>>> print(open('query.csv').read())   # CSV, C-alpha atoms
chain,number,residue,atom,x,y,z
O,1,MET,CA,0.0,0.0,0.0
O,2,MET,CA,2.8,2.4,0.9
O,3,MET,CA,4.5,1.6,-2.3
O,4,LYS,CA,1.4,2.6,-4.4
O,5,VAL,CA,1.1,5.9,-2.6
O,6,GLY,CA,4.8,6.7,-3.1
O,7,ARG,CA,4.5,5.9,-6.9
O,8,SER,CA,1.4,8.2,-7.1
O,9,ILE,CA,3.2,11.1,-5.5
O,10,LEU,CA,6.2,10.7,-7.9
O,11,ALA,CA,3.8,10.6,-10.8
O,12,ILE,CA,2.1,13.8,-9.8
O,13,CYS,CA,5.5,15.6,-9.2
O,14,ALA,CA,6.6,14.6,-12.7
O,15,LEU,CA,3.5,16.3,-14.1
O,16,ILE,CA,4.1,19.6,-12.3
O,17,PRO,CA,6.4,21.9,-14.4
O,18,ALA,CA,9.4,23.6,-13.0
O,19,ALA,CA,8.9,26.8,-10.9
O,20,THR,CA,10.9,28.7,-13.3
O,21,ALA,CA,8.3,28.2,-15.9
O,22,PHE,CA,5.9,30.6,-13.9
O,23,ALA,CA,8.6,33.3,-13.5
O,24,PRO,CA,8.2,36.4,-15.7
O,25,ALA,CA,10.1,36.3,-18.9
O,26,GLN,CA,13.5,38.0,-18.8
O,27,THR,CA,13.1,41.3,-20.6
O,28,SER,CA,16.0,42.3,-22.8
O,29,ALA,CA,17.3,45.9,-22.9
O,30,ARG,CA,15.9,48.1,-25.7
O,31,GLN,CA,18.4,48.4,-28.5
O,32,GLY,CA,19.6,51.9,-29.0
O,33,THR,CA,18.6,53.4,-32.3
O,34,ALA,CA,19.4,56.7,-34.1
O,35,ILE,CA,16.0,58.1,-33.3
O,36,PHE,CA,16.7,58.1,-29.5
O,37,ASP,CA,20.4,59.1,-29.8
O,38,HIS,CA,20.1,62.2,-32.0
O,39,PRO,CA,21.9,65.4,-30.9
O,40,ILE,CA,20.1,68.4,-29.6
O,41,ASN,CA,18.5,70.5,-32.4
O,42,GLY,CA,19.8,68.0,-35.0
O,43,GLY,CA,23.3,69.2,-34.5
O,44,LEU,CA,22.5,72.7,-35.7
O,45,PRO,CA,23.9,75.7,-33.8
O,46,THR,CA,21.6,77.2,-31.2
O,47,PHE,CA,21.2,80.9,-30.3
O,48,ASN,CA,22.7,81.4,-26.9
O,49,PRO,CA,24.3,84.8,-26.5
O,50,PRO,CA,27.0,85.1,-23.8
O,51,SER,CA,25.1,87.9,-22.1
O,52,ARG,CA,22.2,85.6,-21.4
O,53,ASP,CA,24.5,83.2,-19.4
O,54,ARG,CA,26.1,86.2,-17.7
O,55,ALA,CA,22.8,87.7,-16.7
O,56,GLN,CA,21.3,84.4,-15.5
O,57,SER,CA,24.2,83.0,-13.6
O,58,GLU,CA,26.9,85.5,-12.8
O,59,TYR,CA,24.8,87.7,-10.5
O,60,VAL,CA,22.2,85.3,-9.2
O,61,ASP,CA,24.3,82.3,-8.1
O,62,ASP,CA,26.1,84.2,-5.3
O,63,THR,CA,22.9,85.9,-4.1
O,64,PRO,CA,21.3,84.7,-0.8
O,65,PRO,CA,17.8,83.4,-1.4
O,66,ASN,CA,16.2,86.1,0.7
O,67,GLN,CA,17.8,89.0,-1.1
O,68,HIS,CA,17.4,90.6,-4.5
O,69,SER,CA,20.1,89.8,-7.1
O,70,TYR,CA,20.8,93.5,-7.7
O,71,VAL,CA,20.3,96.7,-5.6
O,72,VAL,CA,21.0,100.2,-6.9
O,73,THR,CA,23.5,101.6,-4.4
O,74,GLY,CA,26.9,103.3,-4.3
O,75,GLU,CA,29.3,105.3,-2.2
O,76,THR,CA,29.7,108.4,-4.4
O,77,SER,CA,27.7,110.3,-7.0
O,78,SER,CA,28.4,109.8,-10.6
O,79,GLU,CA,31.0,112.0,-12.1
O,80,LEU,CA,28.6,113.0,-14.8
O,81,SER,CA,26.3,114.6,-12.2
O,82,PHE,CA,29.0,117.3,-11.6
O,83,ASP,CA,28.9,118.4,-15.3
O,84,PRO,CA,26.5,121.4,-15.5
O,85,ALA,CA,25.8,120.5,-19.2
O,86,ALA,CA,24.7,117.0,-18.5
O,87,PHE,CA,21.0,116.4,-18.0
O,88,PRO,CA,20.5,120.1,-17.0
O,89,SER,CA,17.3,121.0,-15.0
O,90,ASN,CA,17.7,124.7,-15.6
O,91,LEU,CA,17.4,124.9,-19.4
O,92,PRO,CA,15.2,127.7,-20.8
O,93,VAL,CA,11.8,126.1,-21.0
O,94,GLN,CA,8.6,126.7,-23.0
O,95,GLN,CA,5.1,126.0,-21.6
O,96,ILE,CA,2.7,123.9,-23.6
O,97,GLN,CA,-0.9,123.7,-22.5
O,98,GLY,CA,-2.8,120.4,-22.0
O,99,GLY,CA,-5.3,119.0,-24.5
O,100,LYS,CA,-2.9,117.5,-27.0
O,101,SER,CA,-0.9,120.7,-27.5
O,102,ARG,CA,2.4,120.1,-29.1
O,103,LEU,CA,5.8,121.6,-30.0
O,104,THR,CA,8.0,120.5,-32.9
O,105,TYR,CA,11.8,120.9,-33.1
O,106,LYS,CA,13.6,120.4,-36.3
O,107,MET,CA,17.0,118.8,-35.7
O,108,PRO,CA,19.8,120.8,-37.3
O,109,GLN,CA,22.2,119.4,-39.9
O,110,GLY,CA,24.9,117.2,-38.3
O,111,ALA,CA,22.9,116.6,-35.1
O,112,ASP,CA,22.7,113.0,-33.7
O,113,ARG,CA,21.9,113.6,-29.9
O,114,ALA,CA,19.6,115.8,-27.9
O,115,GLN,CA,18.8,116.3,-24.2
O,116,ILE,CA,15.2,116.8,-23.1
O,117,PHE,CA,13.9,118.3,-19.9
O,118,ILE,CA,10.2,118.2,-19.0
O,119,ASN,CA,8.6,119.2,-15.7
O,120,SER,CA,5.5,121.0,-14.3
O,121,HIS,CA,4.6,123.4,-11.6
O,122,GLY,CA,3.8,120.6,-9.2
O,123,ARG,CA,0.8,119.1,-11.0
O,124,PRO,CA,0.9,115.6,-12.6
O,125,LEU,CA,3.1,115.4,-15.6
O,126,LYS,CA,1.6,113.7,-18.7
O,127,ALA,CA,3.5,114.2,-21.9
O,128,ARG,CA,4.8,112.3,-24.9
O,129,VAL,CA,8.1,112.5,-26.7
O,130,GLU,CA,8.4,111.3,-30.3
O,131,LEU,CA,11.2,111.5,-32.9
O,132,TRP,CA,10.1,111.3,-36.5
O,133,LEU,CA,12.3,110.4,-39.5
O,134,GLY,CA,10.2,111.6,-42.4
O,135,PRO,CA,6.4,111.8,-42.3
O,136,ILE,CA,5.5,108.3,-41.1
O,137,ARG,CA,8.5,106.6,-39.5
O,138,ARG,CA,8.8,107.0,-35.7
O,139,VAL,CA,12.2,106.1,-34.4
O,140,HIS,CA,11.8,107.1,-30.7
O,141,PHE,CA,8.8,107.1,-28.4
O,142,MET,CA,8.5,108.0,-24.7
O,143,ASP,CA,5.2,108.3,-22.9
O,144,ILE,CA,5.5,110.0,-19.5
O,145,SER,CA,3.1,109.9,-16.6
O,146,CYS,CA,4.2,111.2,-13.2
O,147,MET,CA,2.3,112.2,-10.1
O,148,ASN,CA,4.3,115.3,-9.5
O,149,GLY,CA,6.3,116.9,-12.4
O,150,ALA,CA,8.1,119.3,-10.1
O,151,GLU,CA,9.4,116.6,-7.8
O,152,THR,CA,10.2,114.0,-10.4
O,153,PRO,CA,10.8,115.7,-13.8
O,154,TYR,CA,11.9,113.9,-16.9
O,155,ARG,CA,15.5,114.2,-18.0
O,156,GLY,CA,16.5,112.2,-21.0
O,157,CYS,CA,19.2,112.0,-23.7
O,158,ILE,CA,18.2,110.5,-27.0
O,159,LYS,CA,20.6,109.2,-29.7
O,160,PHE,CA,19.6,109.1,-33.3
O,161,LYS,CA,21.1,108.7,-36.7
O,162,ASN,CA,23.0,111.6,-38.1
O,163,THR,CA,20.7,113.9,-40.0
O,164,ASP,CA,23.3,114.3,-42.7
O,165,SER,CA,23.0,110.6,-43.6
O,166,ALA,CA,19.5,109.7,-42.4
O,167,GLY,CA,17.7,112.8,-43.6
O,168,PRO,CA,15.7,115.5,-41.7
O,169,GLN,CA,14.3,114.5,-38.4
O,170,THR,CA,11.7,116.2,-36.2
O,171,LEU,CA,11.3,116.0,-32.4
O,172,GLU,CA,7.7,116.3,-31.3
O,173,ILE,CA,6.6,116.8,-27.7
O,174,SER,CA,2.9,116.8,-26.8
O,175,THR,CA,0.7,116.8,-23.8
O,176,SER,CA,-2.3,114.5,-22.9
O,177,ASP,CA,-6.0,115.0,-23.5
O,178,ASP,CA,-6.6,116.6,-20.2
O,179,GLN,CA,-6.6,120.4,-20.3
O,180,ALA,CA,-5.5,120.6,-16.7
O,181,PHE,CA,-2.0,119.3,-17.1
O,182,PRO,CA,0.4,121.7,-18.9
O,183,ALA,CA,4.1,121.0,-19.2
O,184,LEU,CA,7.3,123.0,-19.3
O,185,VAL,CA,9.7,121.7,-22.0
O,186,GLY,CA,13.4,122.4,-22.6
O,187,VAL,CA,15.5,120.9,-25.5
O,188,ASP,CA,19.2,121.1,-25.9
O,189,VAL,CA,20.7,119.7,-29.2
O,190,MET,CA,24.3,118.7,-28.8
O,191,THR,CA,27.1,119.7,-31.1
O,192,PRO,CA,29.0,116.9,-32.8
O,193,GLU,CA,31.9,117.4,-30.4
O,194,ARG,CA,29.7,117.3,-27.3
O,195,SER,CA,27.9,114.2,-28.7
O,196,LYS,CA,31.2,112.3,-29.1
O,197,GLU,CA,32.2,113.3,-25.6
O,198,ARG,CA,28.9,112.1,-24.2
O,199,GLN,CA,29.2,108.8,-26.0
O,200,GLY,CA,32.6,108.3,-24.4
O,201,VAL,CA,31.1,108.8,-21.0
O,202,PHE,CA,28.2,106.5,-21.9
O,203,ASP,CA,30.6,103.8,-23.0
O,204,ALA,CA,32.7,104.1,-19.7
O,205,ILE,CA,29.6,103.7,-17.5
O,206,TRP,CA,28.3,100.8,-19.7
O,207,LYS,CA,31.5,98.8,-19.5
O,208,SER,CA,32.0,99.3,-15.8
O,209,SER,CA,28.5,98.6,-14.6
O,210,THR,CA,26.4,95.4,-14.0
O,211,LYS,CA,24.3,94.7,-17.0
O,212,LEU,CA,20.8,93.2,-16.5
O,213,TYR,CA,19.4,91.1,-19.3
O,214,SER,CA,15.7,91.3,-20.4
O,215,GLN,CA,14.5,88.7,-22.9
O,216,GLY,CA,10.9,89.7,-23.8
O,217,ASP,CA,7.4,88.4,-23.6
O,218,LYS,CA,6.3,90.3,-20.6
O,219,THR,CA,9.3,89.4,-18.5
O,220,VAL,CA,9.5,91.5,-15.3
O,221,ARG,CA,12.6,92.6,-13.4
O,222,SER,CA,12.3,94.4,-10.0
O,223,ILE,CA,15.3,96.4,-8.8
O,224,PRO,CA,15.3,97.9,-5.3
O,225,ILE,CA,16.9,101.4,-4.9
O,226,ALA,CA,18.8,102.2,-1.8
O,227,ASP,CA,17.4,104.9,0.4
O,228,HIS,CA,20.4,107.2,0.2
O,229,VAL,CA,20.2,107.3,-3.7
O,230,LYS,CA,18.7,110.7,-4.7
O,231,SER,CA,18.5,109.9,-8.4
O,232,VAL,CA,19.4,107.0,-10.7
O,233,GLN,CA,20.6,106.9,-14.3
O,234,LEU,CA,19.3,104.4,-16.8
O,235,LEU,CA,21.2,103.1,-19.8
O,236,VAL,CA,19.6,100.8,-22.3
O,237,TRP,CA,21.4,99.2,-25.3
O,238,SER,CA,20.9,96.0,-27.4
O,239,LYS,CA,24.1,96.0,-29.4
O,240,ASP,CA,25.4,92.7,-27.8
O,241,VAL,CA,22.1,90.8,-27.9
O,242,GLY,CA,20.6,91.1,-31.3
O,243,LYS,CA,20.8,94.9,-32.1
O,244,LYS,CA,17.0,95.0,-32.3
O,245,SER,CA,14.7,97.8,-31.1
O,246,PHE,CA,13.3,97.5,-27.6
O,247,LYS,CA,10.0,98.3,-26.0
O,248,VAL,CA,9.5,98.4,-22.3
O,249,ASN,CA,7.4,99.8,-19.5
O,250,VAL,CA,9.4,101.4,-16.7
O,251,GLU,CA,7.7,102.0,-13.3
O,252,PHE,CA,9.1,103.6,-10.2
O,253,LEU,CA,7.2,102.5,-7.1
O,254,GLN,CA,7.4,103.9,-3.6
O,255,GLY,CA,5.9,101.6,-1.1
O,256,PRO,CA,4.1,98.3,-1.8
O,257,ASN,CA,1.9,99.4,-4.7
O,258,CYS,CA,2.3,103.2,-5.2
O,259,LYS,CA,3.2,103.8,-8.8
O,260,ARG,CA,4.6,107.4,-8.7
O,261,GLN,CA,6.3,107.4,-12.1
O,262,TYR,CA,5.4,105.4,-15.2
O,263,TYR,CA,7.1,105.5,-18.6
O,264,GLU,CA,6.6,103.7,-21.9
O,265,LEU,CA,9.8,103.6,-23.9
O,266,GLN,CA,10.5,102.4,-27.4
O,267,CYS,CA,13.5,103.1,-29.6
O,268,GLY,CA,16.1,101.4,-31.7
O,269,GLY,CA,18.5,99.4,-29.7
O,270,GLY,CA,21.7,98.9,-31.7
O,271,THR,CA,22.1,102.4,-33.1
O,272,GLN,CA,20.1,104.3,-30.5
O,273,PRO,CA,21.5,103.8,-27.0
O,274,TYR,CA,19.2,105.4,-24.4
O,275,HIS,CA,20.3,107.4,-21.4
O,276,ALA,CA,18.1,109.1,-18.8
O,277,VAL,CA,18.0,110.3,-15.2
O,278,PHE,CA,15.1,109.6,-12.9
O,279,GLU,CA,14.6,111.3,-9.5
O,280,THR,CA,14.0,109.0,-6.5
O,281,PRO,CA,13.6,111.4,-3.5
O,282,GLY,CA,13.0,109.8,-0.1
O,283,ASN,CA,13.1,106.1,0.6
O,284,GLY,CA,11.4,102.9,-0.3
O,285,TRP,CA,11.8,103.1,-4.1
O,286,THR,CA,11.8,100.1,-6.5
O,287,MET,CA,12.1,100.1,-10.3
O,288,ARG,CA,10.0,97.6,-12.1
O,289,TRP,CA,11.0,96.8,-15.7
O,290,THR,CA,8.6,95.0,-18.0
O,291,ASN,CA,9.6,93.9,-21.5
O,292,THR,CA,6.6,94.2,-23.8
O,293,LYS,CA,8.1,92.9,-27.0
O,294,THR,CA,8.1,89.2,-28.2
O,295,ILE,CA,10.4,86.7,-26.7
O,296,HIS,CA,12.3,86.4,-30.1
O,297,ASP,CA,12.6,90.1,-30.8
O,298,GLY,CA,12.8,91.9,-27.5
O,299,SER,CA,16.3,91.0,-26.1
O,300,HIS,CA,18.2,93.9,-24.7
O,301,GLU,CA,20.4,94.9,-21.7
O,302,PHE,CA,20.1,97.8,-19.3
O,303,VAL,CA,22.1,99.4,-16.5
O,304,VAL,CA,20.7,101.1,-13.5
O,305,VAL,CA,23.3,102.9,-11.3
O,306,PRO,CA,23.2,105.9,-8.9
O,307,TYR,CA,23.4,109.4,-10.4
O,308,GLU,CA,23.2,111.5,-7.3
O,309,LEU,CA,23.5,110.5,-3.6
O,310,GLU,CA,22.0,112.4,-0.7
O,311,ALA,CA,25.4,112.9,1.0
O,312,ASP,CA,27.5,114.2,-1.9
O,313,ALA,CA,25.0,115.5,-4.5
O,314,PRO,CA,26.3,118.5,-6.4
O,315,PRO,CA,24.7,121.8,-5.2
O,316,GLU,CA,21.9,123.2,-7.2
O,317,SER,CA,22.6,126.2,-9.3
O,318,ASP,CA,20.3,129.1,-10.4
O,319,GLU,CA,22.6,129.9,-13.4
O,320,MET,CA,21.5,128.9,-16.8
O,321,ALA,CA,22.8,125.6,-18.0
O,322,PRO,CA,25.1,125.6,-21.0
O,323,HIS,CA,23.1,125.1,-24.2
O,324,TYR,CA,23.7,125.9,-27.8
O,325,ASN,CA,20.3,126.6,-29.3
O,326,GLY,CA,20.8,123.7,-31.7
O,327,PHE,CA,24.3,124.9,-32.3
O,328,ALA,CA,23.0,127.3,-35.0
O,329,GLU,CA,25.3,130.0,-36.2
O,330,ARG,CA,22.5,132.5,-35.7
O,331,SER,CA,19.8,132.4,-33.1
O,332,ASP,CA,17.1,132.8,-35.8
O,333,GLU,CA,18.6,130.5,-38.4
O,334,PHE,CA,15.7,128.1,-38.1
O,335,GLY,CA,13.1,130.8,-37.6
O,336,TYR,CA,12.8,130.0,-33.9
O,337,ALA,CA,14.2,133.1,-32.3
O,338,ASN,CA,16.1,132.3,-29.1
O,339,SER,CA,14.9,128.7,-28.7
O,340,LEU,CA,14.4,125.6,-30.7
O,341,GLY,CA,10.7,125.8,-30.6
O,342,PRO,CA,8.2,127.8,-32.6
O,343,HIS,CA,7.1,130.0,-29.6
O,344,GLY,CA,10.2,132.0,-28.9
O,345,ASN,CA,8.2,134.7,-27.0
O,346,ARG,CA,7.1,132.1,-24.4
O,347,VAL,CA,10.5,131.1,-23.1
O,348,TYR,CA,10.8,131.1,-19.3
O,349,TYR,CA,14.2,131.7,-17.8
>>> encode(input="query.csv", output="structure tokens")
Amino acid sequence: MMMKVGRSILAICALIPAATAFAPAQTSARQGTAIFDHPINGGLPTFNPPSRDRAQSEYVDDTPPNQHSYVVTGETSSELSFDPAAFPSNLPVQQIQGGKSRLTYKMPQGADRAQIFINSHGRPLKARVELWLGPIRRVHFMDISCMNGAETPYRGCIKFKNTDSAGPQTLEISTSDDQAFPALVGVDVMTPERSKERQGVFDAIWKSSTKLYSQGDKTVRSIPIADHVKSVQLLVWSKDVGKKSFKVNVEFLQGPNCKRQYYELQCGGGTQPYHAVFETPGNGWTMRWTNTKTIHDGSHEFVVVPYELEADAPPESDEMAPHYNGFAERSDEFGYANSLGPHGNRVYY
């Protein structure tokens, strides 16, 4: 009996397959093919300007997580602030009333740079600056909106192509629709010698300062301004990142959400480096930079450095700033009397 049971057990064990038969099949590694091993972008060169790497890594990697990557601060005022002919606030000015009133200034032959000063008697400042090359081509645009034109006037220096090669150009300054907001305007067209000297100063500041990169497509950069900085100077140029024109919104905020100065700027980037000075009296200022062009066409770099500090700012002078009336040989050469504008009898000294 025991022998029959033993033979039955052996027969059943012979019918059961090995345990390895129920184990999952051994998967083989997928063979590499060219479709998975292709190089990035098919081996074609990719657009990666050096300034992009510099802007994204050089100034951000060493910054603590709880601090901004860049703060406008310094120990001394800019040397340019001690030049009475640089961004003068005491130019002879002309008053233009509100309601889309406008003044036009014909740029003299050989001119390629002009300084602009616009303020008010303490009321909000709403004005627009446009440079026209011919009847329909606008090569520079600045829309100005400030809460107090006397406290924060606009001081800018625009660069444009030489009128001898590009043709006649006209600077147009106008006010907003509101009749209650007049503006006081002063324009100083630089001589070729002064323009070359200013370009040298611009290049020196540009090379020695931290450049911030803005790519486009509504990218926003917020730059805090130290409390002891009385005014800042802004330099914008795109010669190293595509040489395209740029279009940005510049806001100066004081406090968490108090927009005291707002500007819309658009001009050529490669041939038209932009330079301006903005007042930041008091404390708690932040500059917010918004690039409004497309991501493929809006790359540019800008520099924000102190212009005047509270401790060593140059003293204010009541004397008239040096200006050359468009460096005309005669004061009435362009039919504008003692000013560049058409209303010579409305010049305020």
>>> residues_around(input="query.csv", residues="range 175-181 of chain O", least_positions_apart="3", cutoff="8 Å", atoms="all atoms listed in the file", output="PyMOL selection string")
chain O and resi 96-102+123-128
>>> residues_around(input="query.csv", residues="range 228-232 of chain O", least_positions_apart="2", cutoff="8 Å", atoms="all atoms listed in the file", output="list of chain:residue names")
O:Val72, O:Thr73, O:Gly74, O:Ile225, O:Ala226, O:Leu234, O:Val277, O:Phe278, O:Glu279, O:Thr280, O:Pro281, O:Gly282, O:Asn283, O:Val304, O:Val305, O:Pro306, O:Tyr307, O:Glu308, O:Leu309, O:Glu310, O:Ala311, O:Ala313
>>> atom_distance(input="query.csv", atom1="CA of Trp237 in chain O", atom2="CA of Pro135 in chain O")
25.9 Å
>>> atom_distance(input="query.csv", atom1="CA of Gly156 in chain O", atom2="CA of Leu265 in chain O")
11.3 Å
>>> closest_residue(input="query.csv", among="O:Tyr274, O:Met287, O:Pro224, O:Tyr263", to="Ser69 in chain O", atoms="all atoms listed in the file")
O:Pro224
>>> residues_around(input="query.csv", residues="Leu133 in chain O", least_positions_apart="5", cutoff="8 Å", atoms="only C-alpha atoms", output="PyMOL selection string")
chain O and resi 138-139+166-170
>>> write_last_selection(input="query.csv", atoms="C-alpha atoms", output="PDB file, in the coordinates of the input")
ATOM      1  CA  ARG O 138       8.800 107.000 -35.700  1.00  0.00           C
ATOM      2  CA  VAL O 139      12.200 106.100 -34.400  1.00  0.00           C
ATOM      3  CA  ALA O 166      19.500 109.700 -42.400  1.00  0.00           C
ATOM      4  CA  GLY O 167      17.700 112.800 -43.600  1.00  0.00           C
ATOM      5  CA  PRO O 168      15.700 115.500 -41.700  1.00  0.00           C
ATOM      6  CA  GLN O 169      14.300 114.500 -38.400  1.00  0.00           C
ATOM      7  CA  THR O 170      11.700 116.200 -36.200  1.00  0.00           C
TER       8      THR O 170
END
>>> closest_atom_pairs(input="query.csv", of="range 220-326 of chain O", to="range 205-212 of chain O", cutoff="6 Å", atoms="only C-alpha atoms", output="CSV")
residue,atom,partner,partner_atom,distance
O:Glu301,CA,O:Leu212,CA,5.5
O:Phe302,CA,O:Leu212,CA,5.4
O:Val303,CA,O:Lys211,CA,5.2
>>> atom_distance(input="query.csv", atom1="CA of Lys106 in chain O", atom2="CA of Pro273 in chain O")
20.6 Å
>>> closest_residue(input="query.csv", among="O:Thr104, O:Asn291, O:Gln95, O:Ser174", to="Met142 in chain O", atoms="all atoms listed in the file")
O:Ser174
>>> closest_atom_pairs(input="query.csv", of="range 173-192 of chain O", to="range 75-94 of chain O", cutoff="6 Å", atoms="all atoms listed in the file", output="tab-separated table")
residue	atom	partner	partner_atom	distance
O:Leu184	CA	O:Gln94	CA	5.4
O:Val185	CA	O:Val93	CA	5.0
O:Gly186	CA	O:Val93	CA	4.3
>>> closest_residue(input="query.csv", among="O:Ile295, O:Met107, O:Ala150, O:Ile173", to="Ser120 in chain O", atoms="all atoms listed in the file")
O:Ala150
>>> axis_aligned_box(input="query.csv", around="range 145-156 of chain O", padding_each_side="8 Å", output="lines of an AutoDock Vina configuration file")
center_x = 9.4
center_y = 114.6
center_z = -14.4
size_x = 30.2
size_y = 25.4
size_z = 29.2
>>> residues_near_point(input="query.csv", point="(7.6, 103.3, -8.3)", cutoff="10 Å", atoms="all atoms listed in the file", output="PyMOL selection string")
chain O and resi 146+224+250-262+280+284-288
>>> closest_residue(input="query.csv", among="O:Glu264, O:Glu316, O:Glu197, O:Asp240", to="Phe141 in chain O", atoms="only C-alpha atoms")
O:Glu264
>>> closest_residue(input="query.csv", among="O:His296, O:Arg221, O:Arg113, O:Arg194", to="Lys159 in chain O", atoms="only C-alpha atoms")
O:Arg113
>>> build_atoms(input="query.csv", residues="range 275-292 of chain O", atoms="N, CA, C and O atoms", output="PDB file, keeping the file's coordinate frame")
ATOM      1  N   HIS O 275      19.724 106.952 -22.676  1.00  0.00           N
ATOM      2  CA  HIS O 275      20.300 107.400 -21.400  1.00  0.00           C
ATOM      3  C   HIS O 275      19.369 108.408 -20.781  1.00  0.00           C
ATOM      4  O   HIS O 275      18.933 109.360 -21.436  1.00  0.00           O
ATOM      5  N   ALA O 276      19.025 108.206 -19.506  1.00  0.00           N
ATOM      6  CA  ALA O 276      18.100 109.100 -18.800  1.00  0.00           C
ATOM      7  C   ALA O 276      18.393 109.093 -17.335  1.00  0.00           C
ATOM      8  O   ALA O 276      19.058 108.193 -16.817  1.00  0.00           O
ATOM      9  N   VAL O 277      17.874 110.112 -16.655  1.00  0.00           N
ATOM     10  CA  VAL O 277      18.000 110.300 -15.200  1.00  0.00           C
ATOM     11  C   VAL O 277      16.624 110.378 -14.610  1.00  0.00           C
ATOM     12  O   VAL O 277      15.784 111.148 -15.105  1.00  0.00           O
ATOM     13  N   PHE O 278      16.365 109.622 -13.529  1.00  0.00           N
ATOM     14  CA  PHE O 278      15.100 109.600 -12.900  1.00  0.00           C
ATOM     15  C   PHE O 278      15.278 109.953 -11.385  1.00  0.00           C
ATOM     16  O   PHE O 278      16.156 109.378 -10.726  1.00  0.00           O
ATOM     17  N   GLU O 279      14.458 110.852 -10.879  1.00  0.00           N
ATOM     18  CA  GLU O 279      14.600 111.300  -9.500  1.00  0.00           C
ATOM     19  C   GLU O 279      13.888 110.223  -8.581  1.00  0.00           C
ATOM     20  O   GLU O 279      12.805 109.710  -8.893  1.00  0.00           O
ATOM     21  N   THR O 280      14.552 109.949  -7.461  1.00  0.00           N
ATOM     22  CA  THR O 280      14.000 109.000  -6.500  1.00  0.00           C
ATOM     23  C   THR O 280      14.153 109.639  -5.069  1.00  0.00           C
ATOM     24  O   THR O 280      14.904 109.119  -4.234  1.00  0.00           O
ATOM     25  N   PRO O 281      13.487 110.745  -4.776  1.00  0.00           N
ATOM     26  CA  PRO O 281      13.600 111.400  -3.500  1.00  0.00           C
ATOM     27  C   PRO O 281      12.946 110.559  -2.365  1.00  0.00           C
ATOM     28  O   PRO O 281      11.918 109.929  -2.585  1.00  0.00           O
ATOM     29  N   GLY O 282      13.534 110.557  -1.180  1.00  0.00           N
ATOM     30  CA  GLY O 282      13.000 109.800  -0.100  1.00  0.00           C
ATOM     31  C   GLY O 282      13.433 108.351  -0.090  1.00  0.00           C
ATOM     32  O   GLY O 282      14.488 108.024  -0.657  1.00  0.00           O
ATOM     33  N   ASN O 283      12.676 107.465   0.523  1.00  0.00           N
ATOM     34  CA  ASN O 283      13.100 106.100   0.600  1.00  0.00           C
ATOM     35  C   ASN O 283      11.986 105.137   0.141  1.00  0.00           C
ATOM     36  O   ASN O 283      10.873 105.564  -0.151  1.00  0.00           O
ATOM     37  N   GLY O 284      12.348 103.863   0.044  1.00  0.00           N
ATOM     38  CA  GLY O 284      11.400 102.900  -0.300  1.00  0.00           C
ATOM     39  C   GLY O 284      11.114 102.739  -1.819  1.00  0.00           C
ATOM     40  O   GLY O 284      10.058 102.239  -2.224  1.00  0.00           O
ATOM     41  N   TRP O 285      12.064 103.127  -2.684  1.00  0.00           N
ATOM     42  CA  TRP O 285      11.800 103.100  -4.100  1.00  0.00           C
ATOM     43  C   TRP O 285      12.227 101.747  -4.712  1.00  0.00           C
ATOM     44  O   TRP O 285      13.200 101.123  -4.288  1.00  0.00           O
ATOM     45  N   THR O 286      11.473 101.332  -5.720  1.00  0.00           N
ATOM     46  CA  THR O 286      11.800 100.100  -6.500  1.00  0.00           C
ATOM     47  C   THR O 286      11.463 100.406  -7.956  1.00  0.00           C
ATOM     48  O   THR O 286      10.415 100.985  -8.272  1.00  0.00           O
ATOM     49  N   MET O 287      12.363 100.003  -8.838  1.00  0.00           N
ATOM     50  CA  MET O 287      12.100 100.100 -10.300  1.00  0.00           C
ATOM     51  C   MET O 287      11.644  98.788 -10.818  1.00  0.00           C
ATOM     52  O   MET O 287      12.281  97.763 -10.589  1.00  0.00           O
ATOM     53  N   ARG O 288      10.518  98.811 -11.515  1.00  0.00           N
ATOM     54  CA  ARG O 288      10.000  97.600 -12.100  1.00  0.00           C
ATOM     55  C   ARG O 288      10.061  97.714 -13.627  1.00  0.00           C
ATOM     56  O   ARG O 288       9.532  98.652 -14.225  1.00  0.00           O
ATOM     57  N   TRP O 289      10.711  96.729 -14.236  1.00  0.00           N
ATOM     58  CA  TRP O 289      11.000  96.800 -15.700  1.00  0.00           C
ATOM     59  C   TRP O 289      10.257  95.640 -16.356  1.00  0.00           C
ATOM     60  O   TRP O 289      10.414  94.473 -16.032  1.00  0.00           O
ATOM     61  N   THR O 290       9.399  96.008 -17.320  1.00  0.00           N
ATOM     62  CA  THR O 290       8.600  95.000 -18.000  1.00  0.00           C
ATOM     63  C   THR O 290       8.875  95.115 -19.523  1.00  0.00           C
ATOM     64  O   THR O 290       8.677  96.163 -20.145  1.00  0.00           O
ATOM     65  N   ASN O 291       9.350  94.022 -20.088  1.00  0.00           N
ATOM     66  CA  ASN O 291       9.600  93.900 -21.500  1.00  0.00           C
ATOM     67  C   ASN O 291       8.376  93.568 -22.259  1.00  0.00           C
ATOM     68  O   ASN O 291       7.815  92.491 -22.047  1.00  0.00           O
ATOM     69  N   THR O 292       7.898  94.437 -23.136  1.00  0.00           N
ATOM     70  CA  THR O 292       6.600  94.200 -23.800  1.00  0.00           C
ATOM     71  C   THR O 292       6.747  93.720 -25.240  1.00  0.00           C
ATOM     72  O   THR O 292       5.739  93.576 -25.928  1.00  0.00           O
TER      73      THR O 292
END
